[in-house]
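Below is the file target_3.txt, which contains compact mmCIF, C-alpha atoms and all ligand atoms.
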```txt
# COMPACT_ATOMS: atom_id res chain seq x y z
CA MET A 1 8.95 -11.90 7.72
CA LYS A 2 5.74 -9.90 8.22
CA LEU A 3 3.93 -8.28 5.33
CA LEU A 4 1.06 -5.90 6.07
CA ALA A 5 -1.40 -4.53 3.51
CA ILE A 6 -3.34 -1.35 4.28
CA VAL A 7 -6.33 -1.19 1.96
CA GLY A 8 -8.30 1.96 1.19
CA SER A 9 -11.17 0.38 -0.75
CA PRO A 10 -14.38 -0.38 1.13
CA ARG A 11 -15.45 -2.82 -1.60
CA LEU A 12 -14.40 -6.16 -0.17
CA ASN A 13 -15.18 -7.87 -3.47
CA GLY A 14 -13.65 -5.06 -5.49
CA ASN A 15 -10.55 -4.70 -7.61
CA THR A 16 -8.13 -3.28 -5.05
CA ASN A 17 -8.88 -5.98 -2.49
CA TYR A 18 -8.62 -8.64 -5.17
CA LEU A 19 -5.17 -7.50 -6.33
CA VAL A 20 -3.99 -7.19 -2.72
CA ASP A 21 -5.18 -10.74 -2.05
CA VAL A 22 -3.23 -11.98 -5.08
CA ALA A 23 -0.05 -10.22 -3.90
CA LEU A 24 -0.44 -11.48 -0.33
CA ALA A 25 -1.20 -15.04 -1.45
CA GLU A 26 2.02 -15.09 -3.46
CA ALA A 27 3.96 -13.64 -0.54
CA ALA A 28 2.46 -16.26 1.81
CA ARG A 29 3.28 -19.03 -0.67
CA LEU A 30 6.90 -17.86 -0.51
CA GLY A 31 6.91 -17.96 3.28
CA ALA A 32 5.80 -14.52 4.45
CA GLU A 33 3.38 -13.98 7.32
CA THR A 34 0.67 -11.75 5.88
CA GLU A 35 -2.04 -9.48 7.26
CA LYS A 36 -4.59 -7.29 5.51
CA VAL A 37 -6.17 -4.26 7.18
CA VAL A 38 -9.17 -2.93 5.25
CA LEU A 39 -9.53 0.55 6.68
CA SER A 40 -13.31 0.69 6.20
CA GLN A 41 -13.63 -2.33 8.50
CA HIS A 42 -12.13 -0.31 11.34
CA ARG A 43 -12.43 3.18 12.74
CA VAL A 44 -9.72 5.58 11.62
CA ASP A 45 -11.03 9.10 12.03
CA PRO A 46 -9.42 12.09 10.31
CA CYS A 47 -6.58 14.05 11.92
CA MET A 48 -7.89 16.91 14.10
CA GLY A 49 -4.95 19.14 13.20
CA HIS A 50 -4.02 20.37 16.70
CA ALA A 51 -0.42 19.38 15.91
CA ASP A 52 0.36 18.67 19.57
CA CYS A 53 1.27 15.09 18.70
CA ALA A 54 4.77 15.32 20.16
CA SER A 55 3.59 16.53 23.57
CA VAL A 56 0.75 14.07 24.18
CA GLU A 57 1.15 10.41 25.04
CA PHE A 58 -1.59 9.20 22.74
CA CYS A 59 -3.24 10.54 19.63
CA ARG A 60 -6.43 12.32 20.67
CA GLN A 61 -8.40 10.26 18.21
CA LEU A 62 -9.19 7.25 20.36
CA ASP A 63 -9.97 4.76 17.64
CA ASP A 64 -8.23 1.97 15.74
CA GLY A 65 -5.56 4.29 14.37
CA GLU A 66 -3.10 3.53 17.17
CA TRP A 67 -2.82 -0.24 16.70
CA ILE A 68 -2.89 0.05 12.92
CA LEU A 69 -0.02 2.55 13.05
CA ASP A 70 1.90 0.27 15.44
CA ARG A 71 1.60 -2.64 13.00
CA PHE A 72 2.52 -0.31 10.16
CA CYS A 73 5.73 0.61 11.99
CA GLU A 74 6.62 -2.96 12.91
CA ALA A 75 5.94 -4.76 9.61
CA ASP A 76 8.88 -5.83 7.47
CA GLY A 77 6.96 -5.01 4.32
CA VAL A 78 3.94 -2.76 3.76
CA ILE A 79 1.52 -2.64 0.84
CA LEU A 80 -0.50 0.56 0.43
CA ALA A 81 -3.50 -0.07 -1.80
CA THR A 82 -6.22 2.33 -2.90
CA PRO A 83 -8.75 2.87 -5.62
CA VAL A 84 -8.66 6.26 -7.31
CA TYR A 85 -11.44 8.46 -5.92
CA TYR A 86 -11.68 11.85 -7.61
CA TYR A 87 -8.15 11.71 -9.01
CA ASN A 88 -6.46 10.70 -5.78
CA VAL A 89 -6.42 8.25 -2.87
CA SER A 90 -9.74 7.31 -1.24
CA ALA A 91 -10.84 9.15 1.89
CA TRP A 92 -10.12 5.99 3.88
CA MET A 93 -6.51 6.03 2.76
CA LYS A 94 -6.17 9.80 3.19
CA ALA A 95 -7.35 9.59 6.79
CA PHE A 96 -4.76 6.88 7.44
CA ILE A 97 -2.01 8.95 5.79
CA ASP A 98 -2.90 12.05 7.82
CA ARG A 99 -2.91 10.09 11.06
CA ASN A 100 0.75 9.34 10.38
CA TYR A 101 1.39 12.92 11.48
CA PHE A 102 1.48 11.52 15.03
CA LEU A 103 4.49 9.42 14.01
CA TYR A 104 6.04 12.20 11.94
CA LYS A 105 5.98 14.62 14.88
CA ARG A 106 7.85 12.03 16.94
CA GLY A 107 10.40 11.21 14.26
CA ARG A 108 9.04 7.66 14.05
CA LYS A 109 8.97 5.81 10.74
CA SER A 110 7.93 2.41 9.53
CA GLN A 111 10.78 -0.08 9.73
CA ALA A 112 9.60 -1.78 6.53
CA ARG A 113 12.31 -2.56 4.01
CA ALA A 114 9.96 -3.17 1.10
CA VAL A 115 6.92 -1.16 0.09
CA GLY A 116 4.21 -2.07 -2.40
CA ILE A 117 1.80 0.40 -3.95
CA ILE A 118 -1.39 -0.83 -5.63
CA ILE A 119 -3.66 1.68 -7.37
CA VAL A 120 -6.82 0.96 -9.38
CA ALA A 121 -8.71 3.55 -11.44
CA GLU A 122 -11.56 3.16 -13.84
CA VAL A 123 -10.35 5.79 -16.31
CA GLU A 124 -7.91 8.39 -15.00
CA GLY A 125 -6.17 9.81 -11.95
CA ILE A 126 -3.44 7.26 -11.37
CA GLU A 127 -0.61 9.79 -11.75
CA ASP A 128 -1.79 12.13 -9.00
CA THR A 129 -2.64 9.19 -6.75
CA LEU A 130 0.81 7.71 -7.26
CA HIS A 131 2.38 11.09 -6.53
CA THR A 132 0.51 11.28 -3.21
CA LEU A 133 1.53 7.78 -2.17
CA LYS A 134 5.16 8.25 -3.24
CA GLN A 135 5.37 11.47 -1.21
CA PHE A 136 3.93 9.60 1.76
CA VAL A 137 6.40 6.74 1.33
CA GLY A 138 9.24 9.29 1.20
CA GLU A 139 8.12 10.76 4.53
CA SER A 140 7.18 7.62 6.42
CA PHE A 141 9.67 4.91 5.40
CA ARG A 142 13.40 4.56 5.05
CA VAL A 143 13.45 2.88 1.65
CA GLY A 144 15.10 3.66 -1.67
CA ASP A 145 13.49 3.42 -5.09
CA GLY A 146 14.66 -0.17 -5.47
CA GLN A 147 12.57 -1.19 -2.48
CA VAL A 148 9.29 0.24 -3.79
CA PHE A 149 7.12 -1.89 -6.09
CA LEU A 150 4.17 -0.62 -8.09
CA VAL A 151 1.00 -2.06 -9.55
CA CYS A 152 -1.21 0.49 -11.28
CA GLY A 153 -4.11 -0.58 -13.47
CA TYR A 154 -7.55 0.13 -14.81
CA ALA A 155 -10.70 -1.65 -13.70
CA GLY A 156 -14.22 -0.43 -13.00
CA GLY A 157 -16.75 -2.92 -11.69
CA PRO A 158 -15.97 -5.59 -9.14
CA GLY A 159 -14.38 -8.51 -10.94
CA ASP A 160 -12.83 -6.45 -13.72
CA ALA A 161 -9.32 -6.73 -12.32
CA ARG A 162 -9.72 -10.48 -11.97
CA GLY A 163 -10.29 -10.69 -15.73
CA ASP A 164 -7.12 -8.76 -16.57
CA ALA A 165 -4.42 -11.42 -16.67
CA ALA A 166 -1.55 -8.93 -17.00
CA LEU A 167 -2.74 -6.91 -14.02
CA VAL A 168 -3.19 -10.04 -11.91
CA GLU A 169 0.30 -11.20 -12.86
CA SER A 170 1.78 -7.82 -11.91
CA ALA A 171 0.15 -8.11 -8.47
CA ARG A 172 1.61 -11.61 -8.07
CA ASN A 173 5.02 -10.22 -9.08
CA LEU A 174 4.70 -7.47 -6.50
CA GLY A 175 4.19 -10.04 -3.75
CA ARG A 176 7.16 -12.07 -4.98
CA GLN A 177 9.46 -9.06 -5.37
CA MET A 178 8.67 -7.86 -1.86
CA VAL A 179 9.48 -11.23 -0.35
CA GLU A 180 12.69 -11.49 -2.34
CA THR A 181 13.72 -8.00 -1.26
CA LEU A 182 13.02 -8.82 2.37
CA ALA A 183 14.90 -12.08 2.09
CA GLY A 184 17.85 -10.01 0.94
CA GLY A 185 18.27 -11.85 -2.32
CA ALA A 186 16.47 -9.90 -5.00
CA SER A 187 15.93 -12.28 -7.86
CA GLN A 188 18.08 -11.91 -10.95
CA ARG A 189 15.30 -13.57 -12.94
CA GLY A 190 14.26 -11.59 -15.96
CA GLN A 191 17.50 -9.62 -16.08
CA PRO A 192 19.94 -10.09 -18.95
CA PRO A 193 23.18 -11.95 -18.18
CA PRO A 194 26.21 -9.71 -17.58
CA LYS A 195 28.07 -8.72 -20.76
CA SER A 196 31.14 -10.83 -21.44
CA GLN A 197 34.44 -8.92 -21.26
CA GLY A 198 36.66 -8.30 -24.34
C1 LIG A 201 -16.25 8.11 -5.08
C2 LIG A 201 -15.59 7.52 -6.30
C3 LIG A 201 -14.73 8.31 -7.04
C4 LIG A 201 -14.08 7.78 -8.15
N1 LIG A 201 -13.22 8.59 -8.85
C5 LIG A 201 -12.56 8.07 -9.91
C6 LIG A 201 -11.61 8.86 -10.62
O1 LIG A 201 -11.33 10.01 -10.30
N2 LIG A 201 -10.98 8.30 -11.68
C7 LIG A 201 -11.25 7.02 -12.10
O2 LIG A 201 -10.67 6.58 -13.08
N3 LIG A 201 -12.11 6.23 -11.40
C8 LIG A 201 -12.77 6.72 -10.33
N4 LIG A 201 -13.64 5.93 -9.63
C9 LIG A 201 -13.78 4.52 -10.02
C10 LIG A 201 -12.92 3.58 -9.18
O3 LIG A 201 -11.59 4.01 -9.10
C11 LIG A 201 -12.93 2.18 -9.80
O4 LIG A 201 -14.27 1.70 -9.88
C12 LIG A 201 -12.10 1.19 -9.03
O5 LIG A 201 -12.10 -0.03 -9.72
C13 LIG A 201 -12.66 0.97 -7.64
O6 LIG A 201 -11.82 0.07 -6.97
P1 LIG A 201 -12.41 -1.05 -5.99
O7 LIG A 201 -13.17 -2.03 -6.87
O8 LIG A 201 -11.22 -1.63 -5.38
O9 LIG A 201 -13.28 -0.35 -5.02
C14 LIG A 201 -14.30 6.44 -8.54
C15 LIG A 201 -15.19 5.65 -7.78
C16 LIG A 201 -15.81 6.17 -6.67
C17 LIG A 201 -16.74 5.31 -5.85
```
Here is a file; write its structure as structure tokens.
Ligand SMILES: Cc1cc2nc3c(=O)[nH]c(=O)nc-3n(C[C@H](O)[C@H](O)[C@H](O)COP(=O)(O)O)c2cc1C
Amino acid sequence: MKLLAIVGSPRLNGNTNYLVDVALAEAARLGAETEKVVLSQHRVDPCMGHADCASVEFCRQLDDGEWILDRFCEADGVILATPVYYYNVSAWMKAFIDRNYFLYKRGRKSQARAVGIIIVAEVEGIEDTLHTLKQFVGESFRVGDGQVFLVCGYAGGPGDARGDAALVESARNLGRQMVETLAGGASQRGQPPPKSQG
């Protein structure tokens, strides 16, 4: 079971990366093979908008987009993680999203059966950011609502998320829920027992 995180924060010691690491560590503890791609560590240039994707063999942007998109398609579970930058996803994440147009024009989607979304803002903008990522998930995956797991929280400086026990726990839960979903046996933990008849 392969779980891939695509991270749109360039701050390696920041809040988004920290919460992703927590989620991936929990997933690895439960047996998943994990990988984290921090977009700022690679070259993913913006879409050029020629829209000829379906008639060319390769995207005209000859950068790291191709292999990242291949892994994105092949992973069993994908986490999309971004800080809020001006009320929406970071430019790193937006470039990655737009580069998915190459897949969209070919009718190709990620095969992932579980999706995690992690969003960190200092003050505001989570709603619009979540809307963007949910729209993207709707276009690029074949998953229902029950296969999408969210962690949205507030943190400003590096280290702030680490000090928020509830936020850290929700990231750990996200990793666990994704593994359980992929294993096909979503945990009944935390749910009330079925009502007795009569
Ligand atoms: C360019 C930029 C734009 C930002 N815009 C917002 C914003 O619109 N709303 C907000 O609440 N925080 C905003 N922030 C703050 C970050 O979302 C916040 O510091 C977050 O913790 C950064 O995540 P990171 O530590 O993973 O990089 C912005 C930060 C930067 C650098």
>> Which residues are close to Asn15 (chain A), i.e. within 9 Å by all atoms listed in the file, leaving aside same-chain residues fewer than 2 positions away? Reply as a ChimeraX atom specification.
In response: /A:9,11-13,17-20,83,120,155-162
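Distance check against ligand LIG 201 (chain A) using all atoms listed in the file: of A:Glu57, A:Glu124, A:Glu169, A:Asp98, the minimum falls on A:Glu124.
Minimum distance to Gly175 (chain A) across A:Leu24, A:Leu150, A:Ile79, A:Ile126 (counting all atoms listed in the file) occurs at A:Leu24.
Considering all atoms listed in the file, the residue among A:Ala166, A:Phe102, A:Leu182, A:Thr129 positioned nearest to Leu69 (chain A) is A:Phe102.
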> Counting all atoms listed in the file, what is within 10 Å of Cys152 (chain A), bar same-chain residues fewer than 6 positions away, as a list in words?
Replying inline: Ala81, Thr82, Pro83, Ile117, Ile118, Ile119, Val120, Ala121, Ile126, Glu127, Thr129, Leu130, Leu167, Ser170 and Ala171 of chain A
>> Under the rule that all atoms listed in the file are counted, which of A:Asp63, A:Pro46, A:Met1, A:Gly153 is the nearest residue to ligand LIG 201 (chain A)?
In response: A:Gly153
> Could you name the residues that touch Arg106 (chain A) at 10 Å or less, counting only C-alpha atoms, but leaving out those on the same chain fewer than 6 positions away, as a list in words?
Replying inline: Cys53, Ala54 and Ser55 of chain A
Mind writing the picked residues with C-alpha atoms as a PDB file, in the frame of the given file?
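Result file is again_27.pdb:
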```
ATOM      1  CA  CYS A  53       1.270  15.090  18.700  1.00  0.00           C
ATOM      2  CA  ALA A  54       4.770  15.320  20.160  1.00  0.00           C
ATOM      3  CA  SER A  55       3.590  16.530  23.570  1.00  0.00           C
TER       4      SER A  55
END
```
> What is the CA of Val148 (chain A)-CA of His131 (chain A) distance in Å, reported with one decimal?
Replying inline: 13.2 Å
Return as lines of an AutoDock Vina configuration file the centre and edge lengths, in Å with one decimal, of the box along x, y and z that encloses every atom of region 82-100 of chain A in the file, padded by 4 Å per side.
```
center_x = -5.5
center_y = 7.2
center_z = 1.0
size_x = 20.4
size_y = 17.7
size_z = 28.1
```
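CA of Val179 (chain A) sits 8.1 Å away from CA of Gly31 (chain A).
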>> Counting all atoms listed in the file, which residues sit no farther than 12 Å from the position (3.7, -15.8, -3.3) in the file's frame? I'd like them as JSON, numbers by chain.
In response: {"A": [3, 20, 21, 22, 23, 24, 25, 26, 27, 28, 29, 30, 31, 32, 33, 34, 169, 170, 171, 172, 173, 174, 175, 176, 177, 178, 179, 180]}
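Here CA of Phe58 (chain A) is placed at a distance of 18.2 Å from CA of His42 (chain A).
For the set A:Arg71, A:Arg43, A:Val56, A:Tyr85, the residue with the smallest atom-to-atom gap to ligand LIG 201 (chain A) is A:Tyr85, counting only C-alpha atoms and all ligand atoms.
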>> Would you pick out the contacts of Thr181 (chain A) at 8 Å or less, using all atoms listed in the file, so that residues sharing its chain but fewer than 6 positions from it are not included, and give the list as a VMD selection string?
In response: chain A and resid 113 to 114 147
Can you take the partial region 108-128 of chain A, add N, CA and C atoms, and return it as a short mmCIF file (atom, residue, chain, number, x, y, z; two decimals), in the frame of the given file?
```cif
data_model
loop_
_atom_site.label_atom_id
_atom_site.label_comp_id
_atom_site.auth_asym_id
_atom_site.auth_seq_id
_atom_site.Cartn_x
_atom_site.Cartn_y
_atom_site.Cartn_z
N ARG A 108 9.15 9.12 14.16
CA ARG A 108 9.04 7.66 14.05
C ARG A 108 8.63 7.29 12.63
N LYS A 109 9.29 6.27 12.09
CA LYS A 109 8.97 5.81 10.74
C LYS A 109 8.72 4.32 10.75
N SER A 110 8.09 3.85 9.68
CA SER A 110 7.93 2.41 9.53
C SER A 110 9.30 1.78 9.32
N GLN A 111 9.50 0.62 9.91
CA GLN A 111 10.78 -0.08 9.73
C GLN A 111 10.79 -0.94 8.47
N ALA A 112 9.71 -0.91 7.70
CA ALA A 112 9.60 -1.78 6.53
C ALA A 112 10.75 -1.54 5.56
N ARG A 113 11.22 -2.64 4.98
CA ARG A 113 12.31 -2.56 4.01
C ARG A 113 11.83 -2.84 2.58
N ALA A 114 10.56 -3.04 2.44
CA ALA A 114 9.96 -3.17 1.10
C ALA A 114 8.56 -2.58 1.16
N VAL A 115 8.22 -1.81 0.14
CA VAL A 115 6.92 -1.16 0.09
C VAL A 115 6.25 -1.47 -1.25
N GLY A 116 4.99 -1.85 -1.18
CA GLY A 116 4.21 -2.07 -2.40
C GLY A 116 3.12 -1.01 -2.50
N ILE A 117 2.88 -0.55 -3.71
CA ILE A 117 1.80 0.40 -3.95
C ILE A 117 0.88 -0.21 -5.01
N ILE A 118 -0.40 -0.30 -4.68
CA ILE A 118 -1.39 -0.83 -5.63
C ILE A 118 -2.47 0.23 -5.82
N ILE A 119 -2.67 0.64 -7.06
CA ILE A 119 -3.66 1.68 -7.37
C ILE A 119 -4.55 1.18 -8.51
N VAL A 120 -5.86 1.35 -8.33
CA VAL A 120 -6.82 0.96 -9.38
C VAL A 120 -7.71 2.15 -9.70
N ALA A 121 -7.79 2.50 -10.98
CA ALA A 121 -8.71 3.55 -11.44
C ALA A 121 -9.60 2.96 -12.51
N GLU A 122 -10.73 3.60 -12.72
CA GLU A 122 -11.56 3.16 -13.84
C GLU A 122 -11.06 3.79 -15.13
N VAL A 123 -10.72 5.08 -15.09
CA VAL A 123 -10.35 5.79 -16.31
C VAL A 123 -9.08 6.62 -16.15
N GLU A 124 -9.05 7.48 -15.13
CA GLU A 124 -7.91 8.39 -15.00
C GLU A 124 -7.69 8.79 -13.53
N GLY A 125 -6.49 9.33 -13.29
CA GLY A 125 -6.17 9.81 -11.95
C GLY A 125 -5.05 9.03 -11.28
N ILE A 126 -4.49 8.07 -12.00
CA ILE A 126 -3.44 7.26 -11.37
C ILE A 126 -2.20 8.10 -11.05
N GLU A 127 -1.85 9.03 -11.95
CA GLU A 127 -0.61 9.79 -11.75
C GLU A 127 -0.63 10.59 -10.45
N ASP A 128 -1.72 11.32 -10.23
CA ASP A 128 -1.79 12.13 -9.00
C ASP A 128 -1.84 11.24 -7.76
#
```
